[in-house]
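Text of final_11.cif (mmCIF, C-alpha atoms) as supplied:
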```cif
data_input
#
loop_
_atom_site.label_atom_id
_atom_site.label_comp_id
_atom_site.auth_asym_id
_atom_site.auth_seq_id
_atom_site.Cartn_x
_atom_site.Cartn_y
_atom_site.Cartn_z
CA PHE A 1 48.41 96.44 82.95
CA ASP A 2 49.40 92.91 81.98
CA GLY A 3 46.27 91.06 83.05
CA ASP A 4 47.60 90.57 86.56
CA GLY A 5 48.18 94.14 87.70
CA TYR A 6 50.04 97.41 87.15
CA GLN A 7 53.78 97.96 87.29
CA SER A 8 55.66 101.11 86.28
CA PHE A 9 58.47 101.11 83.71
CA ILE A 10 60.96 103.56 82.23
CA ALA A 11 62.28 103.82 78.66
CA GLU A 12 64.67 106.10 76.76
CA SER A 13 64.37 107.95 73.44
CA ASN A 14 66.28 110.55 71.44
CA ASP A 15 63.31 111.56 69.28
CA LEU A 16 60.16 110.60 71.28
CA LEU A 17 59.29 108.14 68.49
CA ARG A 18 61.62 105.20 69.03
CA TRP A 19 62.02 103.91 72.59
CA GLU A 20 64.55 101.47 74.02
CA ASN A 21 66.19 100.21 77.19
CA ILE A 22 62.84 99.48 78.79
CA ARG A 23 63.16 98.39 82.41
CA LEU A 24 61.19 98.24 85.62
CA ALA A 25 60.93 101.42 87.68
CA MET A 26 58.62 100.20 90.47
CA SER A 27 56.98 96.84 91.02
CA TYR A 28 54.21 95.38 93.17
CA GLY A 29 54.17 95.74 96.92
CA GLU A 30 54.32 92.70 99.17
CA VAL A 31 51.30 90.49 99.84
CA GLY A 32 48.81 92.26 102.09
CA SER A 33 49.98 95.77 101.23
CA PHE A 34 47.80 98.47 99.70
CA ASP A 35 49.90 98.37 96.50
CA HIS A 36 50.24 94.60 96.08
CA GLY A 37 47.99 94.67 93.01
CA GLY A 38 49.75 97.47 91.19
CA VAL A 39 51.63 100.76 91.21
CA VAL A 40 51.14 103.62 88.74
CA LEU A 41 53.85 106.28 88.98
CA GLY A 42 53.30 109.66 87.36
CA ALA A 43 52.59 112.41 89.90
CA TYR A 44 56.19 113.56 90.21
CA LEU A 45 57.51 116.48 92.22
CA TYR A 46 58.98 118.94 89.69
CA GLU A 47 61.38 121.85 89.98
CA SER A 48 58.87 124.07 88.16
CA TYR A 49 55.19 123.84 87.29
CA ASP A 50 55.37 126.67 84.76
CA ILE A 51 53.60 125.37 81.67
CA SER A 52 56.59 126.26 79.46
CA ALA A 53 59.27 124.85 81.78
CA PRO A 54 61.02 121.51 81.22
CA ARG A 55 59.83 118.73 83.49
CA VAL A 56 62.83 118.33 85.79
CA LEU A 57 62.47 116.24 88.94
CA LYS A 58 63.06 118.12 92.17
CA ARG A 59 65.31 116.65 94.83
CA VAL A 60 64.29 117.08 98.48
CA ASP A 61 66.60 115.87 101.25
CA GLY A 62 68.57 113.86 98.70
CA LYS A 63 65.56 112.13 97.12
CA PHE A 64 63.08 112.51 94.28
CA PHE A 65 59.41 111.99 95.12
CA SER A 66 56.24 110.95 93.34
CA LEU A 67 52.70 110.16 94.39
CA TYR A 68 51.28 107.04 92.78
CA GLY A 69 48.01 105.22 92.25
CA ALA A 70 47.82 101.74 93.74
CA TYR A 71 45.63 98.65 94.01
CA ALA A 72 45.58 95.99 96.70
CA LYS A 73 44.24 93.15 94.56
CA LYS A 74 45.63 91.38 91.49
CA GLY A 75 43.94 89.60 88.62
CA THR A 76 41.50 92.28 87.47
CA TYR A 77 41.62 95.76 85.93
CA GLU A 78 41.72 98.59 88.50
CA PRO A 79 39.88 96.78 91.30
CA ASP A 80 38.05 98.95 93.83
CA PRO A 81 38.66 100.63 96.14
CA GLY A 82 42.06 101.94 94.97
CA PHE A 83 44.70 103.74 97.04
CA GLN A 84 47.47 106.32 96.73
CA GLY A 85 51.02 106.07 97.99
CA LEU A 86 54.25 108.07 98.24
CA ALA A 87 57.32 106.81 96.38
CA SER A 88 60.91 108.00 96.43
CA SER A 89 64.02 107.51 94.31
CA GLU A 90 67.70 108.32 94.65
CA ASP A 91 68.31 108.46 90.89
CA GLY A 92 64.88 109.13 89.34
CA LEU A 93 64.96 105.71 87.66
CA VAL A 94 64.37 103.10 90.35
CA TRP A 95 61.53 103.86 92.78
CA LYS A 96 60.31 102.40 96.07
CA ARG A 97 57.54 103.03 98.55
CA GLU A 98 58.58 105.84 100.91
CA ILE A 99 56.11 105.06 103.70
CA ASP A 100 54.21 101.84 104.36
CA GLU A 101 50.77 103.40 104.73
CA SER A 102 48.57 104.73 101.94
CA ILE A 103 48.46 108.53 101.93
CA LEU A 104 44.89 108.73 100.57
CA SER A 105 42.04 106.23 100.26
CA ILE A 106 38.31 105.82 100.79
CA PHE A 107 39.16 105.06 104.42
CA SER A 108 41.35 108.04 105.35
CA PRO A 109 42.39 110.73 106.04
CA GLY A 110 39.52 112.84 107.35
CA VAL A 111 35.94 112.84 106.13
CA VAL A 112 35.41 110.90 102.89
CA GLY A 113 32.72 112.45 100.68
CA LYS A 114 29.89 110.59 98.99
CA TRP A 115 31.34 111.56 95.60
CA GLU A 116 34.55 109.59 96.36
CA LYS A 117 33.18 106.74 98.45
CA ASP A 118 33.91 103.83 96.09
CA SER A 119 37.43 104.28 94.73
CA ILE A 120 40.44 106.58 94.65
CA TYR A 121 42.37 106.65 91.39
CA GLN A 122 45.31 108.71 90.12
CA PRO A 123 46.95 111.70 91.83
CA TRP A 124 48.57 114.81 90.42
CA LEU A 125 51.22 116.46 92.61
CA LEU A 126 51.77 120.22 92.69
CA GLU A 127 53.99 122.35 94.92
CA HIS A 128 53.01 125.95 95.61
CA GLY A 129 54.37 128.14 98.38
CA SER A 130 54.95 126.07 101.50
CA LEU A 131 52.42 123.35 100.65
CA TYR A 132 52.01 120.37 98.37
CA TYR A 133 48.70 119.77 96.61
CA ASN A 134 47.23 116.51 95.37
CA PHE A 135 44.57 116.79 92.67
CA TYR A 136 43.10 113.30 92.73
CA ASN A 137 40.55 111.33 90.77
CA ALA A 138 37.78 109.48 92.63
CA LYS A 139 34.65 107.47 91.83
CA GLU A 140 31.07 107.16 93.04
CA MET A 141 29.01 104.08 92.24
CA PRO A 142 26.62 102.70 91.06
CA GLN A 143 26.37 105.48 88.46
CA TRP A 144 30.17 105.39 87.91
CA VAL A 145 30.84 109.13 88.10
CA GLU A 146 34.46 110.29 88.42
CA GLN A 147 35.38 113.75 89.70
CA ILE A 148 38.48 115.57 90.95
CA GLY A 149 39.24 116.32 94.58
CA LEU A 150 42.02 118.18 96.35
CA ALA A 151 44.19 117.38 99.35
CA SER A 152 47.12 119.31 100.83
CA SER A 153 50.23 118.49 102.82
CA SER A 154 53.24 120.23 104.31
CA ASN A 155 55.51 117.16 104.16
CA LEU A 156 54.14 114.78 101.45
CA LYS A 157 53.36 112.15 104.09
CA VAL A 158 50.35 113.49 106.00
CA TRP A 159 47.47 114.83 103.88
CA ARG A 160 44.28 116.78 104.55
CA ARG A 161 41.25 116.65 102.27
CA TYR A 162 39.84 119.99 101.11
CA ASP A 163 36.47 120.53 102.79
CA LYS A 164 34.77 121.79 99.61
CA ASN A 165 35.57 118.83 97.36
CA PRO A 166 35.15 117.98 94.54
CA VAL A 167 37.01 120.91 92.95
CA VAL A 168 36.19 119.79 89.39
CA SER A 169 32.72 118.31 89.04
CA VAL A 170 30.81 116.65 86.25
CA LYS A 171 28.16 118.63 84.39
CA LYS A 172 24.81 117.25 83.37
CA THR A 173 24.02 119.48 80.39
CA TYR A 174 25.52 122.14 78.18
CA GLU A 175 24.59 125.66 79.23
CA CYS A 176 23.55 126.53 75.67
CA ALA A 177 21.51 123.39 75.02
CA LYS A 178 19.68 122.05 78.06
CA ASN A 179 18.64 118.81 76.40
CA ASP A 180 22.13 117.82 75.29
CA VAL A 181 24.37 115.66 77.48
CA SER A 182 27.65 117.34 78.36
CA TYR A 183 30.97 115.77 77.29
CA ASP A 184 31.89 115.65 81.00
CA SER A 185 28.57 114.39 82.32
CA GLN A 186 30.19 111.24 83.75
CA PHE A 187 33.96 111.78 83.86
CA ALA A 188 35.85 114.86 85.03
CA SER A 189 39.08 113.13 85.93
CA ASP A 190 42.87 112.80 85.67
CA ALA A 191 43.86 116.42 86.26
CA LYS A 192 47.14 117.88 85.02
CA VAL A 193 47.75 121.25 86.69
CA PHE A 194 50.41 123.77 85.64
CA TRP A 195 51.07 127.48 86.05
CA ASP A 196 50.48 129.69 82.99
CA PRO A 197 51.90 133.17 83.73
CA GLY A 198 50.45 134.64 80.52
CA GLU A 199 50.73 138.43 80.46
CA ASN A 200 51.40 138.56 84.20
CA GLU A 201 54.74 136.79 84.00
CA ASN A 202 56.56 139.55 85.94
CA ASP A 203 53.84 140.10 88.57
#
```
Starting from the coordinates I provided, produce the structure as structure tokens.
Amino acid sequence: FDGDGYQSFIAESNDLLRWENIRLAMSYGEVGSFDHGGVVLGAYLYESYDISAPRVLKRVDGKFFSLYGAYAKKGTYEPDPGFQGLASSEDGLVWKREIDESILSIFSPGVVGKWEKDSIYQPWLLEHGSLYYNFYNAKEMPQWVEQIGLASSSNLKVWRRYDKNPVVSVKKTYECAKNDVSYDSQFASDAKVFWDPGENEND
């Protein structure tokens, strides 16, 4: 965020400490689009979601894909209501919007819950079996509570909200101390979901 809006960049490093060759990966959408105020890449489609696997982008029909958070307005930090889009890349470095419509917002698809009525924030993309899953962050005002919902898709373009959202909710108190406020009493957000085979690796 540069005071005007979000853009996504890429940089290179040999040691994860010193970074260079910083350049633009995806910029603002055109005026009037759902992503004109900013694009936040990060929910990439990976070859494997095993927690110990390297994060290698998966190519589908000759392209890499990522879901991204987006904002329609510029000039302020994360303006409501927030949207999500689908981006693609031929080389994993330069990205563009894959479809013109937002894939998820407070307006569509399906029934929008009270818990997510004010803004949709960042997605997390997961592939399992024949479906794609989007673990997304959303907000309810005026109390500013953020929780995690789930949507699914067979093609990355058309999504269906899970009818028992949110899947990760805030908690009001600790179970062991009823008068103490829980660390996640207001924010249960920004999911990162991986597969941990543990002792059942060969099952």
Expansion of the PyMOL selection byres ((chain A and resi 65-82) around 8) into residues, as a VMD selection string: chain A and resid 1 3 to 5 32 to 45 58 to 60 63 to 64 83 to 89 105 to 106 118 to 125
As an exercise, work out the distance from CA of Leu131 in chain A to CA of Val94 in chain A in Å and give it to one decimal place. 25.7 Å
Fewer than 5 positions away in the same chain doesn't count, so skip those; otherwise give me all residues within 12 Å of Pro142 in chain A, counting all atoms listed in the file, as a list in words. Lys114, Trp115, Glu116, Lys117, Asp118, Ser119 and Gln186 of chain A
I would like the residues chosen by the PyMOL selection byres ((chain A and resi 188) around 9) on the shown file; could you give them as a list of chain:residue names?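 Evaluating the PyMOL selection byres ((chain A and resi 188) around 9) on this file yields A:Asn137, A:Val145, A:Glu146, A:Gln147, A:Ile148, A:Val168, A:Ser169, A:Val170, A:Lys171, A:Asp184, A:Ser185, A:Gln186, A:Phe187, A:Ser189, A:Asp190, A:Ala191.
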Running the PyMOL selection byres ((chain A and resi 163) around 12) on this model by hand, what would come out? Give it as a PyMOL selection string. chain A and resi 109-113+149-152+160-162+164-167
Any idea what's packed within 10 Å of Lys157 in chain A, counting only C-alpha atoms, ignoring anything in its chain fewer than 3 positions away? Could you give it as a ChimeraX atom specification? /A:67,85-86,98-99,101-104,153-154
Which one is closest to Val193 in chain A: A:Trp19, A:Phe9, A:Tyr46, A:Trp95? Count all atoms listed in the file.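 Closest residue, counting all atoms listed in the file: A:Tyr46.
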Mind giving me the straight-line distance from CA of Glu30 in chain A to CA of Leu156 in chain A in Å, one decimal? 22.2 Å
Box along x, y and z, 8 Å on every side, all listed atoms of range 50-65 of chain A inside: centre and edge lengths in Å to one decimal, as AutoDock Vina command-line options.
```
--center_x 61.1 --center_y 119.3 --center_z 90.4 --size_x 31.0 --size_y 30.7 --size_z 37.8
```
A:Asp91, A:Glu140, A:Asp100, A:Asp50 ranked by distance to Gly198 in chain A, top pick (using only C-alpha atoms):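 Answer, going by the shortest atom-to-atom distance: A:Asp50.
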Just how far from CA of Ile51 in chain A is CA of Asp15 in chain A, in Å to one decimal?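 Between these atoms lies a distance of 20.9 Å.
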